[in-house]
Structures are given as C-alpha cells and as structure tokens.
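Novice: What follows is the file run.cif, containing mmCIF, C-alpha atoms and all ligand atoms:
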data_work
#
loop_
_atom_site.label_atom_id
_atom_site.label_comp_id
_atom_site.auth_asym_id
_atom_site.auth_seq_id
_atom_site.Cartn_x
_atom_site.Cartn_y
_atom_site.Cartn_z
CA MET A 13 0.00 0.00 0.00
CA ARG A 14 1.56 3.26 -1.08
CA GLY A 15 -0.33 4.81 1.78
CA ARG A 16 -2.67 7.66 1.75
CA LYS A 17 -4.86 6.88 4.73
CA ARG A 18 -5.40 3.64 6.60
CA GLY A 19 -7.34 2.65 9.72
CA ASN A 20 -10.33 0.52 10.63
CA ILE A 21 -13.01 -0.06 8.00
CA VAL A 22 -16.73 -0.75 8.51
CA VAL A 23 -18.59 -2.05 5.45
CA LEU A 24 -22.40 -2.06 5.40
CA THR A 25 -23.99 -4.29 2.78
CA GLY A 26 -27.53 -4.78 1.50
CA ALA A 27 -29.44 -6.88 -0.99
CA GLY A 28 -27.74 -5.26 -4.01
CA ILE A 29 -24.47 -7.11 -3.32
CA SER A 30 -26.24 -10.46 -3.69
CA LYS A 31 -28.35 -9.53 -6.73
CA GLU A 32 -25.79 -10.87 -9.21
CA SER A 33 -25.68 -14.11 -7.22
CA GLY A 34 -29.31 -14.62 -8.24
CA LEU A 35 -31.10 -13.31 -5.13
CA ASP A 36 -33.77 -10.63 -5.41
CA THR A 37 -33.48 -7.21 -3.81
CA PHE A 38 -36.46 -5.74 -1.96
CA ARG A 39 -37.24 -2.32 -3.42
CA ASP A 40 -36.11 -2.52 -7.06
CA ALA A 41 -38.90 -2.72 -9.66
CA ASP A 42 -38.61 -6.54 -9.70
CA GLY A 43 -37.89 -6.72 -5.94
CA LEU A 44 -39.52 -8.92 -3.31
CA TRP A 45 -41.70 -6.16 -1.89
CA SER A 46 -43.32 -5.66 -5.31
CA ARG A 47 -44.63 -9.24 -5.10
CA VAL A 48 -45.42 -9.82 -1.44
CA ASN A 49 -46.77 -7.59 1.28
CA LEU A 50 -44.03 -6.91 3.81
CA GLU A 51 -46.59 -6.46 6.62
CA ASP A 52 -47.70 -10.05 5.96
CA VAL A 53 -44.32 -11.79 5.90
CA ALA A 54 -41.86 -9.53 7.71
CA THR A 55 -43.58 -8.39 10.91
CA PRO A 56 -44.32 -10.18 14.21
CA GLU A 57 -48.01 -9.27 13.69
CA GLY A 58 -48.02 -10.95 10.26
CA PHE A 59 -46.49 -14.10 11.78
CA ALA A 60 -49.07 -14.14 14.59
CA ARG A 61 -51.89 -13.72 12.03
CA ASN A 62 -50.77 -16.37 9.58
CA PRO A 63 -47.73 -18.40 10.68
CA LYS A 64 -48.16 -20.92 7.85
CA MET A 65 -47.88 -18.24 5.18
CA VAL A 66 -44.77 -16.78 6.81
CA HIS A 67 -43.14 -20.22 7.19
CA ASP A 68 -43.92 -20.98 3.53
CA PHE A 69 -42.33 -17.69 2.42
CA TYR A 70 -39.12 -18.35 4.36
CA ASN A 71 -39.07 -22.06 3.42
CA HIS A 72 -39.05 -20.99 -0.21
CA ARG A 73 -36.27 -18.45 0.36
CA ARG A 74 -34.22 -20.94 2.42
CA ARG A 75 -34.42 -23.49 -0.40
CA GLU A 76 -33.56 -20.86 -3.02
CA LEU A 77 -30.50 -19.80 -1.04
CA GLN A 78 -29.19 -23.35 -0.96
CA SER A 79 -29.61 -24.03 -4.66
CA ASP A 80 -26.39 -24.76 -6.56
CA ASN A 81 -26.55 -21.65 -8.73
CA VAL A 82 -26.63 -19.20 -5.80
CA ARG A 83 -22.94 -18.64 -5.06
CA ALA A 84 -20.82 -15.83 -3.66
CA ASN A 85 -19.94 -13.37 -6.42
CA ALA A 86 -16.85 -11.26 -7.11
CA ALA A 87 -18.04 -8.52 -4.73
CA HIS A 88 -18.37 -10.90 -1.76
CA VAL A 89 -14.98 -12.39 -2.58
CA ALA A 90 -13.39 -8.93 -2.85
CA LEU A 91 -14.61 -8.06 0.67
CA GLY A 92 -13.12 -11.33 1.96
CA ARG A 93 -9.84 -10.32 0.36
CA LEU A 94 -10.01 -6.81 1.85
CA GLU A 95 -10.38 -8.28 5.34
CA ALA A 96 -7.48 -10.71 4.78
CA GLU A 97 -5.07 -8.14 3.33
CA TRP A 98 -5.93 -4.81 4.98
CA PRO A 99 -3.51 -4.03 7.84
CA ASP A 100 -6.22 -2.77 10.21
CA ASN A 101 -9.61 -4.07 11.26
CA VAL A 102 -12.33 -4.71 8.67
CA LEU A 103 -15.88 -5.40 9.89
CA VAL A 104 -18.67 -6.31 7.47
CA VAL A 105 -22.15 -5.51 8.80
CA THR A 106 -24.73 -7.02 6.50
CA GLN A 107 -28.49 -6.54 6.34
CA ASN A 108 -28.60 -9.70 4.23
CA ILE A 109 -29.81 -12.98 5.66
CA ASP A 110 -28.02 -15.07 3.01
CA ALA A 111 -24.67 -16.73 3.77
CA LEU A 112 -22.75 -15.35 0.79
CA HIS A 113 -20.32 -13.17 2.76
CA GLU A 114 -19.16 -16.27 4.66
CA GLU A 115 -18.70 -18.05 1.33
CA GLY A 116 -16.75 -15.04 0.04
CA GLY A 117 -14.30 -15.31 2.94
CA SER A 118 -15.54 -12.63 5.38
CA LYS A 119 -14.90 -13.68 8.97
CA ASN A 120 -15.45 -10.52 10.99
CA LEU A 121 -19.12 -10.33 10.08
CA ILE A 122 -22.36 -9.24 11.73
CA HIS A 123 -25.75 -10.32 10.35
CA MET A 124 -27.72 -7.44 11.85
CA HIS A 125 -31.02 -8.68 10.34
CA GLY A 126 -30.39 -12.33 11.23
CA GLU A 127 -29.67 -15.44 9.17
CA MET A 128 -31.88 -17.49 6.90
CA LEU A 129 -29.99 -20.67 7.77
CA LYS A 130 -30.79 -20.38 11.47
CA ALA A 131 -34.01 -20.88 13.42
CA ARG A 132 -34.98 -19.73 16.88
CA CYS A 133 -37.39 -21.06 19.46
CA ASP A 134 -39.47 -18.25 20.96
CA LEU A 135 -40.35 -20.53 23.90
CA CYS A 136 -36.81 -21.29 25.13
CA GLY A 137 -34.69 -18.81 23.14
CA ALA A 138 -32.38 -21.46 21.63
CA VAL A 139 -30.90 -20.69 18.19
CA HIS A 140 -30.25 -23.61 15.85
CA ASP A 141 -28.55 -24.08 12.46
CA TRP A 142 -31.45 -24.77 10.08
CA THR A 143 -31.35 -25.91 6.47
CA GLY A 144 -34.73 -27.62 6.05
CA ASP A 145 -38.30 -26.43 6.03
CA MET A 146 -40.20 -25.33 9.13
CA ASP A 147 -43.90 -25.23 10.00
CA ILE A 148 -46.14 -24.52 12.96
CA GLY A 149 -45.70 -28.08 14.23
CA THR A 150 -41.88 -28.04 14.14
CA VAL A 151 -40.39 -29.17 17.43
CA CYS A 152 -37.49 -27.26 19.02
CA PRO A 153 -34.45 -29.57 19.31
CA ALA A 154 -33.53 -27.89 22.61
CA CYS A 155 -36.80 -27.81 24.60
CA ASP A 156 -38.81 -30.40 22.63
CA ALA A 157 -41.83 -28.07 22.44
CA ALA A 158 -43.78 -27.36 19.25
CA GLY A 159 -45.21 -24.00 18.23
CA GLY A 160 -42.34 -21.68 19.10
CA MET A 161 -40.02 -22.12 16.14
CA ARG A 162 -39.47 -19.17 13.78
CA PRO A 163 -36.82 -18.01 11.29
CA HIS A 164 -33.89 -16.31 13.07
CA VAL A 165 -34.44 -13.09 11.14
CA VAL A 166 -35.26 -9.55 12.27
CA TRP A 167 -38.70 -8.37 11.25
CA PHE A 168 -39.95 -4.79 11.03
CA GLY A 169 -40.61 -3.57 14.55
CA GLU A 170 -37.90 -5.82 16.05
CA MET A 171 -34.47 -4.74 17.26
CA PRO A 172 -31.56 -5.62 14.92
CA PHE A 173 -28.79 -7.78 16.38
CA GLU A 174 -25.48 -6.61 17.84
CA MET A 175 -26.23 -2.88 17.74
CA GLU A 176 -23.77 -2.10 20.55
CA ARG A 177 -20.90 -3.84 18.77
CA ILE A 178 -21.82 -2.02 15.55
CA SER A 179 -21.88 1.38 17.27
CA ARG A 180 -18.48 0.73 18.87
CA ALA A 181 -17.01 -0.21 15.48
CA LEU A 182 -18.53 2.89 13.82
CA ALA A 183 -17.03 5.11 16.54
CA GLN A 184 -13.60 3.62 15.82
CA CYS A 185 -13.59 3.52 12.04
CA SER A 186 -11.64 5.69 9.62
CA LEU A 187 -13.65 4.55 6.61
CA PHE A 188 -17.32 3.65 6.26
CA VAL A 189 -18.44 1.98 3.02
CA SER A 190 -22.05 1.27 2.06
CA ILE A 191 -22.64 -1.32 -0.67
CA GLY A 192 -25.86 -2.37 -2.42
CA THR A 193 -28.38 -0.84 -0.03
CA SER A 194 -31.14 1.64 -0.81
CA GLY A 195 -30.79 3.45 2.54
CA ASN A 196 -34.49 3.11 3.35
CA VAL A 197 -34.32 1.03 6.51
CA TYR A 198 -33.12 2.31 9.88
CA PRO A 199 -31.00 1.88 11.92
CA ALA A 200 -28.67 0.78 9.07
CA ALA A 201 -29.53 3.87 7.00
CA GLY A 202 -28.21 6.04 9.85
CA PHE A 203 -24.76 4.40 10.05
CA VAL A 204 -23.21 6.84 7.58
CA GLN A 205 -24.11 9.79 9.81
CA GLU A 206 -22.94 7.91 12.91
CA ALA A 207 -19.56 7.23 11.25
CA ILE A 208 -19.21 10.88 10.26
CA PHE A 209 -20.25 12.37 13.59
CA SER A 210 -18.71 9.88 16.00
CA ALA A 211 -15.48 9.11 14.10
CA ARG A 212 -15.09 11.78 11.38
CA ALA A 213 -14.77 8.80 9.02
CA HIS A 214 -14.32 9.03 5.27
CA THR A 215 -17.47 7.68 3.59
CA VAL A 216 -18.00 5.82 0.32
CA GLU A 217 -21.16 4.58 -1.40
CA LEU A 218 -20.91 1.76 -3.96
CA ASN A 219 -24.32 1.05 -5.45
CA MET A 220 -26.19 0.60 -8.70
CA GLU A 221 -27.78 4.03 -8.30
CA PRO A 222 -27.76 6.84 -5.74
CA SER A 223 -29.39 5.65 -2.48
CA GLU A 224 -31.74 7.69 -0.30
CA GLY A 225 -28.73 8.95 1.66
CA ALA A 226 -26.35 9.41 -1.28
CA THR A 227 -25.65 13.08 -0.59
CA MET A 228 -24.15 12.21 2.80
CA PHE A 229 -21.26 10.24 1.26
CA ALA A 230 -17.94 11.91 0.47
CA GLU A 231 -17.29 9.55 -2.44
CA THR A 232 -19.71 7.60 -4.64
CA VAL A 233 -19.27 4.99 -7.38
CA TYR A 234 -22.28 3.63 -9.29
CA GLY A 235 -22.47 0.35 -11.19
CA PRO A 236 -23.00 -3.38 -10.62
CA ALA A 237 -21.41 -4.66 -7.41
CA THR A 238 -19.39 -7.38 -9.18
CA GLU A 239 -17.59 -4.63 -11.11
CA VAL A 240 -17.33 -1.68 -8.76
CA VAL A 241 -16.54 -3.54 -5.52
CA PRO A 242 -13.50 -5.56 -6.75
CA ALA A 243 -12.10 -2.46 -8.51
CA TRP A 244 -12.57 -0.35 -5.38
CA VAL A 245 -10.97 -3.01 -3.12
CA GLU A 246 -8.01 -3.29 -5.49
CA ARG A 247 -7.50 0.47 -5.38
CA VAL A 248 -7.79 0.73 -1.58
CA LEU A 249 -5.34 -2.15 -1.03
CA GLU A 250 -2.94 -0.49 -3.45
CA GLU A 251 -3.29 3.14 -2.45
CA GLY A 252 -5.20 3.44 0.86
CA PHE A 253 -8.14 5.80 0.91
N1 LIG B 301 -25.05 -4.02 -7.71
C1 LIG B 301 -25.10 -3.02 -6.80
N2 LIG B 301 -26.24 -2.50 -6.31
C2 LIG B 301 -27.40 -3.04 -6.75
C3 LIG B 301 -27.43 -4.08 -7.70
C4 LIG B 301 -26.19 -4.57 -8.19
N3 LIG B 301 -26.12 -5.56 -9.10
N4 LIG B 301 -28.73 -4.38 -7.95
C5 LIG B 301 -29.46 -3.56 -7.20
N5 LIG B 301 -28.67 -2.74 -6.47
C6 LIG B 301 -29.04 -1.71 -5.48
C7 LIG B 301 -30.36 -1.02 -5.79
O1 LIG B 301 -30.14 0.09 -6.66
C8 LIG B 301 -30.82 -0.59 -4.39
O2 LIG B 301 -30.35 0.71 -4.08
O3 LIG B 301 -29.22 -2.34 -4.24
C9 LIG B 301 -30.16 -1.62 -3.46
C10 LIG B 301 -31.12 -2.62 -2.84
O4 LIG B 301 -32.03 -1.94 -2.01
P1 LIG B 301 -33.19 -2.70 -1.23
O5 LIG B 301 -33.92 -3.60 -2.14
O6 LIG B 301 -33.98 -1.69 -0.50
O7 LIG B 301 -32.39 -3.66 -0.20
P2 LIG B 301 -31.73 -3.27 1.21
O8 LIG B 301 -31.25 -1.88 1.22
O9 LIG B 301 -30.79 -4.35 1.55
O10 LIG B 301 -32.98 -3.39 2.18
C11 LIG B 301 -32.80 -3.20 3.55
O11 LIG B 301 -35.04 -3.88 3.96
O12 LIG B 301 -36.95 -5.17 3.75
C12 LIG B 301 -35.77 -5.00 4.39
O13 LIG B 301 -34.89 -6.53 5.82
C13 LIG B 301 -34.85 -6.16 4.47
O14 LIG B 301 -32.49 -6.09 4.95
C14 LIG B 301 -33.51 -5.59 4.11
C15 LIG B 301 -33.71 -4.10 4.34
#
What does the file become when written as structure tokens?
Ligand code: APR

Specialist:
Amino acid sequence: MRGRKRGNIVVLTGAGISKESGLDTFRDADGLWSRVNLEDVATPEGFARNPKMVHDFYNHRRRELQSDNVRANAAHVALGRLEAEWPDNVLVVTQNIDALHEEGGSKNLIHMHGEMLKARCDLCGAVHDWTGDMDIGTVCPACDAAGGMRPHVVWFGEMPFEMERISRALAQCSLFVSIGTSGNVYPAAGFVQEAIFSARAHTVELNMEPSEGATMFAETVYGPATEVVPAWVERVLEEGF
C-alpha cells in the first residue's frame, strides 16, 4: 500500500451485493416487496396472524438460497480479500440474511437482520442451524416443544442484532463503506451519519444508483457490485483511501 490513509473499516452491505448471485433485492422494480406484502411476511403481527404463510415464504427463500446456482460473487470475494489483506480491522455488517459473505471469505461479520440458515425457538430462546423447512408443528431440538419455532431473522418492529458492537465499530472507524443498499431502513440507514459524527470517518457509497442517503457520502461509485466492488478493493489495497 503506497499509503494515503489507513485505519479501521466498517462495510455495510444490503441486498444489491447479492443480486448478481441470483437473489432478489427488496425495493427494485422486480424486488420482493413488489410481489409480497411486507406487513404479511416480515412483521411479528403478520407471523401471529398467519404463521403458515410466513413459514412458507421463508421455506421458499431458504431453499432458493441453498440451490447450486446461488454462489458468492466477485463482490463478496473482494470483501473477503479486503479483510485478509488490509492491515487494520475490517468489519462487514450485513443486512442480508443469506450466507454469501461467509462463502466469500468474510470472517469478521455481523448479520444485523439475522440469518436465513438459522431458526430460533421463541419458547426457550435457543438458536439452531437450520437448512430444512419449518412449520407450525416443528419441534425445538432444545426444549422439545412445538409451536415456538421461527426463522432467526429480524422483522420490522424488532431490534436488529449486535447494535452495541456495531456502534463501537462505527465510533472507531476511519472509513465507512455502504454497498448495495437503498438506505431506506433504519438503523442501518443512519450508520453513515454515525460514522461521520462519531469518528469523522471518510465515507464511500458503492451502489447501482444513488441511495436515499447518497448526498451524505464523500465519495460515490455507481455500477453493478461485481464490477465496482472488486475495482474499489483493489484500489484501496494499493493506495489506501
Ligand atoms: N449491484 C449493486 N447494487 C445493486 C445491484 C447490483 N447488481 N442491484 C441492485 N442494487 C441496489 C439497488 O439500486 C438498491 O439501491 O441495491 C439496493 C437494494 O435496495 P433494497 O432492495 O432496499 O435492499 P436493502 O437496502 O438491503 O434493504 C434493507 O429492507 O426489507 C428490508 O430486511 C430487508 O435487509 C432488508 C432491508
């Protein structure tokens, strides 16, 4: 690294980074929320009203995620490389519930909206690895009770995971990078301001198009993640930021 700046990096990712792996985004014209009602499938109230419909929705997505053609793409791999080669700390905070960052080599990773390949029992609190389908009769492997199992994902109205760890990392970062997210959903949409105000961090947006918060970023690059992310990582590893 010829060395302009270095320091800790926090990367926030959203559905756009997994689009070229074959997974739908939420708010694009062909996105998930154009086909299903988010109040029905992504709120605790929707689950209480119709648990079967919610289980079916996530069963479908869990199967899709595990199909052979859904693989980490060049953007996920580039972030794995950044973490391995950057001299300071790199933390990836993803809103995605897929497991493509792990496949791309990211190790210091927070799934703030949960994980599709995990299930939780609301009766005993146990979290389990989960690759199969689930329904209202599914029995919790920890407490043996039926009726409490749900996808280990964060629904609207619920608190995202690991917020304290995320805030600490934002307060200590020199660079905040937002990739493939529309900036519509808080608290993630507020991380750019937190990084600026609590750490005076440099900020970069890499996305297909300007997000809701685009004007808050010091630097922006627009294009498909599989092109812009590897090129950006290459440049940062070579030159700093
Ligand atoms: N490369 C880069 N960016 C892309 C690509 C691509 N190939 N394709 C789409 N995008 C961009 C879109 O332009 C959009 O700005 O990715 C963004 C995706 O935005 P959303 O669909 O809103 O997804 P996200 O920001 O992750 O949503 C946040 O909303 O419903 C919830 O819980 C869900 O975690 C999700 C949260």

Novice: Could you work out how far CA of Met220 in chain A lies from atom N5 of ligand LIG 301 (chain B), giving the answer in Å with one decimal?

Specialist: 4.7 Å

Novice: Please report as a tab-separated table every residue of range 36-92 of chain A lying within 12 Å of range 21-32 of chain A, along with the nearest atom pair and their distance in Å (one decimal), using all atoms listed in the file.

Specialist:
residue	atom	partner	partner_atom	distance
A:Asp36	CA	A:Lys31	CA	5.7
A:Thr37	CA	A:Ala27	CA	4.9
A:Phe38	CA	A:Ala27	CA	7.2
A:Arg39	CA	A:Ala27	CA	9.4
A:Asp40	CA	A:Gly28	CA	9.3
A:Asp42	CA	A:Lys31	CA	11.1
A:Gly43	CA	A:Ala27	CA	9.8
A:Leu44	CA	A:Ala27	CA	10.5
A:Leu77	CA	A:Ser30	CA	10.6
A:Asn81	CA	A:Glu32	CA	10.8
A:Val82	CA	A:Ser30	CA	9.0
A:Arg83	CA	A:Ser30	CA	8.9
A:Ala84	CA	A:Ser30	CA	7.6
A:Asn85	CA	A:Glu32	CA	6.9
A:Ala86	CA	A:Glu32	CA	9.2
A:Ala87	CA	A:Ile29	CA	6.7
A:His88	CA	A:Ile29	CA	7.3
A:Val89	CA	A:Ile29	CA	10.9
A:Ala90	CA	A:Ile29	CA	11.2
A:Leu91	CA	A:Val23	CA	8.6
A:Gly92	CA	A:Val23	CA	11.3

Novice: Go ahead and save the picked residues with C-alpha atoms, as an mmCIF file, in the coordinates of the input.

Specialist:
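So the final result, stored in again_7.cif, reads:
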data_model
loop_
_atom_site.group_PDB
_atom_site.id
_atom_site.type_symbol
_atom_site.label_atom_id
_atom_site.label_comp_id
_atom_site.auth_asym_id
_atom_site.auth_seq_id
_atom_site.Cartn_x
_atom_site.Cartn_y
_atom_site.Cartn_z
ATOM 1 C CA ASP A 36 -33.770 -10.630 -5.410
ATOM 2 C CA THR A 37 -33.480 -7.210 -3.810
ATOM 3 C CA PHE A 38 -36.460 -5.740 -1.960
ATOM 4 C CA ARG A 39 -37.240 -2.320 -3.420
ATOM 5 C CA ASP A 40 -36.110 -2.520 -7.060
ATOM 6 C CA ASP A 42 -38.610 -6.540 -9.700
ATOM 7 C CA GLY A 43 -37.890 -6.720 -5.940
ATOM 8 C CA LEU A 44 -39.520 -8.920 -3.310
ATOM 9 C CA LEU A 77 -30.500 -19.800 -1.040
ATOM 10 C CA ASN A 81 -26.550 -21.650 -8.730
ATOM 11 C CA VAL A 82 -26.630 -19.200 -5.800
ATOM 12 C CA ARG A 83 -22.940 -18.640 -5.060
ATOM 13 C CA ALA A 84 -20.820 -15.830 -3.660
ATOM 14 C CA ASN A 85 -19.940 -13.370 -6.420
ATOM 15 C CA ALA A 86 -16.850 -11.260 -7.110
ATOM 16 C CA ALA A 87 -18.040 -8.520 -4.730
ATOM 17 C CA HIS A 88 -18.370 -10.900 -1.760
ATOM 18 C CA VAL A 89 -14.980 -12.390 -2.580
ATOM 19 C CA ALA A 90 -13.390 -8.930 -2.850
ATOM 20 C CA LEU A 91 -14.610 -8.060 0.670
ATOM 21 C CA GLY A 92 -13.120 -11.330 1.960
#

Novice: Considering only C-alpha atoms, state which residue in the set A:Asn20, A:Val241, A:Val165, A:Arg73 is at the smallest distance from Arg180 in chain A.

Specialist: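 Of the candidates, the smallest distance to Arg180 in chain A is held by A:Asn20.
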
Novice: Quick one: what's the axis-aligned box for ligand LIG 301 (chain B), all listed atoms, 3 Å on every side, centre and edges in Å to one decimal, as lines of an AutoDock Vina configuration file?

Specialist:
center_x = -31.0
center_y = -2.9
center_z = -1.6
size_x = 17.9
size_y = 13.2
size_z = 20.9

Novice: Considering all atoms listed in the file, can you say which of A:Met161, A:Ala54, A:Val248, A:Trp142 comes closest to Phe69 in chain A?

Specialist: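 Ranked by minimum distance to Phe69 in chain A, first place goes to A:Ala54.
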
Novice: Let me make sure I understand: among A:Leu103, A:Ala154, A:Glu95, A:Ser194, which one has the smallest atom-to-atom distance to ligand LIG 301 (chain B) if we use all atoms listed in the file?

Specialist: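 Looking at the shortest contact to ligand LIG 301 (chain B), the residue is A:Ser194.
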
Novice: Given the choices A:Leu35, A:Val204, A:Pro63, A:Pro242, which gets closest to Gly149 in chain A if the distance is worked out from all atoms listed in the file?

Specialist: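 Counting all atoms listed in the file, the residue closest to Gly149 in chain A is A:Pro63.
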
Novice: Measure the distance from atom P1 of ligand LIG 301 (chain B) to CA of Asp141 in chain A in Å and round it to one decimal.

Specialist: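 So the two atoms, atom P1 of ligand LIG 301 (chain B) and CA of Asp141 in chain A, lie 25.8 Å apart.
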
Novice: Suppose you want the space between CA of Ile208 in chain A and CA of Gly117 in chain A; what is it in Å?

Specialist: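 Separating CA of Ile208 in chain A from CA of Gly117 in chain A is a distance of 27.6 Å.
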
Novice: N, CA, C and O atoms are needed for range 25-47 of chain A; please write them out as an mmCIF file, keeping the file's coordinate frame.

Specialist:
data_model
loop_
_atom_site.group_PDB
_atom_site.id
_atom_site.type_symbol
_atom_site.label_atom_id
_atom_site.label_comp_id
_atom_site.auth_asym_id
_atom_site.auth_seq_id
_atom_site.Cartn_x
_atom_site.Cartn_y
_atom_site.Cartn_z
ATOM 1 N N THR A 25 -23.484 -3.771 4.052
ATOM 2 C CA THR A 25 -23.990 -4.290 2.780
ATOM 3 C C THR A 25 -25.499 -4.523 2.836
ATOM 4 O O THR A 25 -26.077 -4.715 3.898
ATOM 5 N N GLY A 26 -26.106 -4.504 1.641
ATOM 6 C CA GLY A 26 -27.530 -4.780 1.500
ATOM 7 C C GLY A 26 -27.766 -5.710 0.322
ATOM 8 O O GLY A 26 -26.819 -6.213 -0.300
ATOM 9 N N ALA A 27 -29.030 -5.877 -0.009
ATOM 10 C CA ALA A 27 -29.440 -6.880 -0.990
ATOM 11 C C ALA A 27 -28.755 -6.720 -2.353
ATOM 12 O O ALA A 27 -28.576 -7.701 -3.083
ATOM 13 N N GLY A 28 -28.353 -5.484 -2.700
ATOM 14 C CA GLY A 28 -27.740 -5.260 -4.010
ATOM 15 C C GLY A 28 -26.455 -6.049 -4.222
ATOM 16 O O GLY A 28 -26.127 -6.408 -5.359
ATOM 17 N N ILE A 29 -25.737 -6.371 -3.140
ATOM 18 C CA ILE A 29 -24.470 -7.110 -3.320
ATOM 19 C C ILE A 29 -24.745 -8.567 -3.697
ATOM 20 O O ILE A 29 -23.897 -9.222 -4.313
ATOM 21 N N SER A 30 -25.923 -9.063 -3.371
ATOM 22 C CA SER A 30 -26.240 -10.460 -3.690
ATOM 23 C C SER A 30 -27.097 -10.609 -4.947
ATOM 24 O O SER A 30 -27.417 -11.728 -5.357
ATOM 25 N N LYS A 31 -27.470 -9.483 -5.553
ATOM 26 C CA LYS A 31 -28.350 -9.530 -6.730
ATOM 27 C C LYS A 31 -27.722 -10.366 -7.863
ATOM 28 O O LYS A 31 -28.385 -11.199 -8.481
ATOM 29 N N GLU A 32 -26.436 -10.133 -8.100
ATOM 30 C CA GLU A 32 -25.790 -10.870 -9.210
ATOM 31 C C GLU A 32 -25.450 -12.319 -8.839
ATOM 32 O O GLU A 32 -24.964 -13.075 -9.674
ATOM 33 N N SER A 33 -25.756 -12.700 -7.602
ATOM 34 C CA SER A 33 -25.680 -14.110 -7.220
ATOM 35 C C SER A 33 -27.016 -14.804 -7.458
ATOM 36 O O SER A 33 -27.170 -15.985 -7.165
ATOM 37 N N GLY A 34 -28.012 -14.026 -7.910
ATOM 38 C CA GLY A 34 -29.310 -14.620 -8.240
ATOM 39 C C GLY A 34 -30.373 -14.411 -7.177
ATOM 40 O O GLY A 34 -31.444 -15.018 -7.253
ATOM 41 N N LEU A 35 -30.092 -13.560 -6.172
ATOM 42 C CA LEU A 35 -31.100 -13.310 -5.130
ATOM 43 C C LEU A 35 -31.748 -11.944 -5.350
ATOM 44 O O LEU A 35 -31.057 -10.969 -5.648
ATOM 45 N N ASP A 36 -33.045 -11.882 -5.167
ATOM 46 C CA ASP A 36 -33.770 -10.630 -5.410
ATOM 47 C C ASP A 36 -33.475 -9.582 -4.350
ATOM 48 O O ASP A 36 -33.281 -9.898 -3.177
ATOM 49 N N THR A 37 -33.486 -8.311 -4.772
ATOM 50 C CA THR A 37 -33.480 -7.210 -3.810
ATOM 51 C C THR A 37 -34.916 -7.017 -3.326
ATOM 52 O O THR A 37 -35.814 -7.779 -3.688
ATOM 53 N N PHE A 38 -35.126 -5.976 -2.516
ATOM 54 C CA PHE A 38 -36.460 -5.740 -1.960
ATOM 55 C C PHE A 38 -37.215 -4.638 -2.703
ATOM 56 O O PHE A 38 -38.378 -4.768 -3.017
ATOM 57 N N ARG A 39 -36.525 -3.518 -2.964
ATOM 58 C CA ARG A 39 -37.240 -2.320 -3.420
ATOM 59 C C ARG A 39 -37.007 -1.968 -4.881
ATOM 60 O O ARG A 39 -37.505 -0.958 -5.353
ATOM 61 N N ASP A 40 -36.222 -2.764 -5.623
ATOM 62 C CA ASP A 40 -36.110 -2.520 -7.060
ATOM 63 C C ASP A 40 -37.442 -2.893 -7.710
ATOM 64 O O ASP A 40 -38.291 -3.546 -7.092
ATOM 65 N N ALA A 41 -37.617 -2.488 -8.984
ATOM 66 C CA ALA A 41 -38.900 -2.720 -9.660
ATOM 67 C C ALA A 41 -39.303 -4.199 -9.624
ATOM 68 O O ALA A 41 -40.481 -4.524 -9.477
ATOM 69 N N ASP A 42 -38.312 -5.097 -9.730
ATOM 70 C CA ASP A 42 -38.610 -6.540 -9.700
ATOM 71 C C ASP A 42 -38.368 -7.131 -8.304
ATOM 72 O O ASP A 42 -38.234 -8.339 -8.141
ATOM 73 N N GLY A 43 -38.275 -6.264 -7.285
ATOM 74 C CA GLY A 43 -37.890 -6.720 -5.940
ATOM 75 C C GLY A 43 -38.993 -7.465 -5.208
ATOM 76 O O GLY A 43 -40.157 -7.454 -5.614
ATOM 77 N N LEU A 44 -38.591 -8.094 -4.095
ATOM 78 C CA LEU A 44 -39.520 -8.920 -3.310
ATOM 79 C C LEU A 44 -40.752 -8.159 -2.841
ATOM 80 O O LEU A 44 -41.864 -8.683 -2.873
ATOM 81 N N TRP A 45 -40.553 -6.893 -2.420
ATOM 82 C CA TRP A 45 -41.700 -6.160 -1.890
ATOM 83 C C TRP A 45 -42.661 -5.685 -2.990
ATOM 84 O O TRP A 45 -43.695 -5.094 -2.697
ATOM 85 N N SER A 46 -42.335 -5.938 -4.261
ATOM 86 C CA SER A 46 -43.320 -5.660 -5.310
ATOM 87 C C SER A 46 -44.244 -6.872 -5.495
ATOM 88 O O SER A 46 -45.280 -6.779 -6.133
ATOM 89 N N ARG A 47 -43.845 -8.010 -4.912
ATOM 90 C CA ARG A 47 -44.630 -9.240 -5.100
ATOM 91 C C ARG A 47 -45.367 -9.687 -3.840
ATOM 92 O O ARG A 47 -46.408 -10.317 -3.914
#
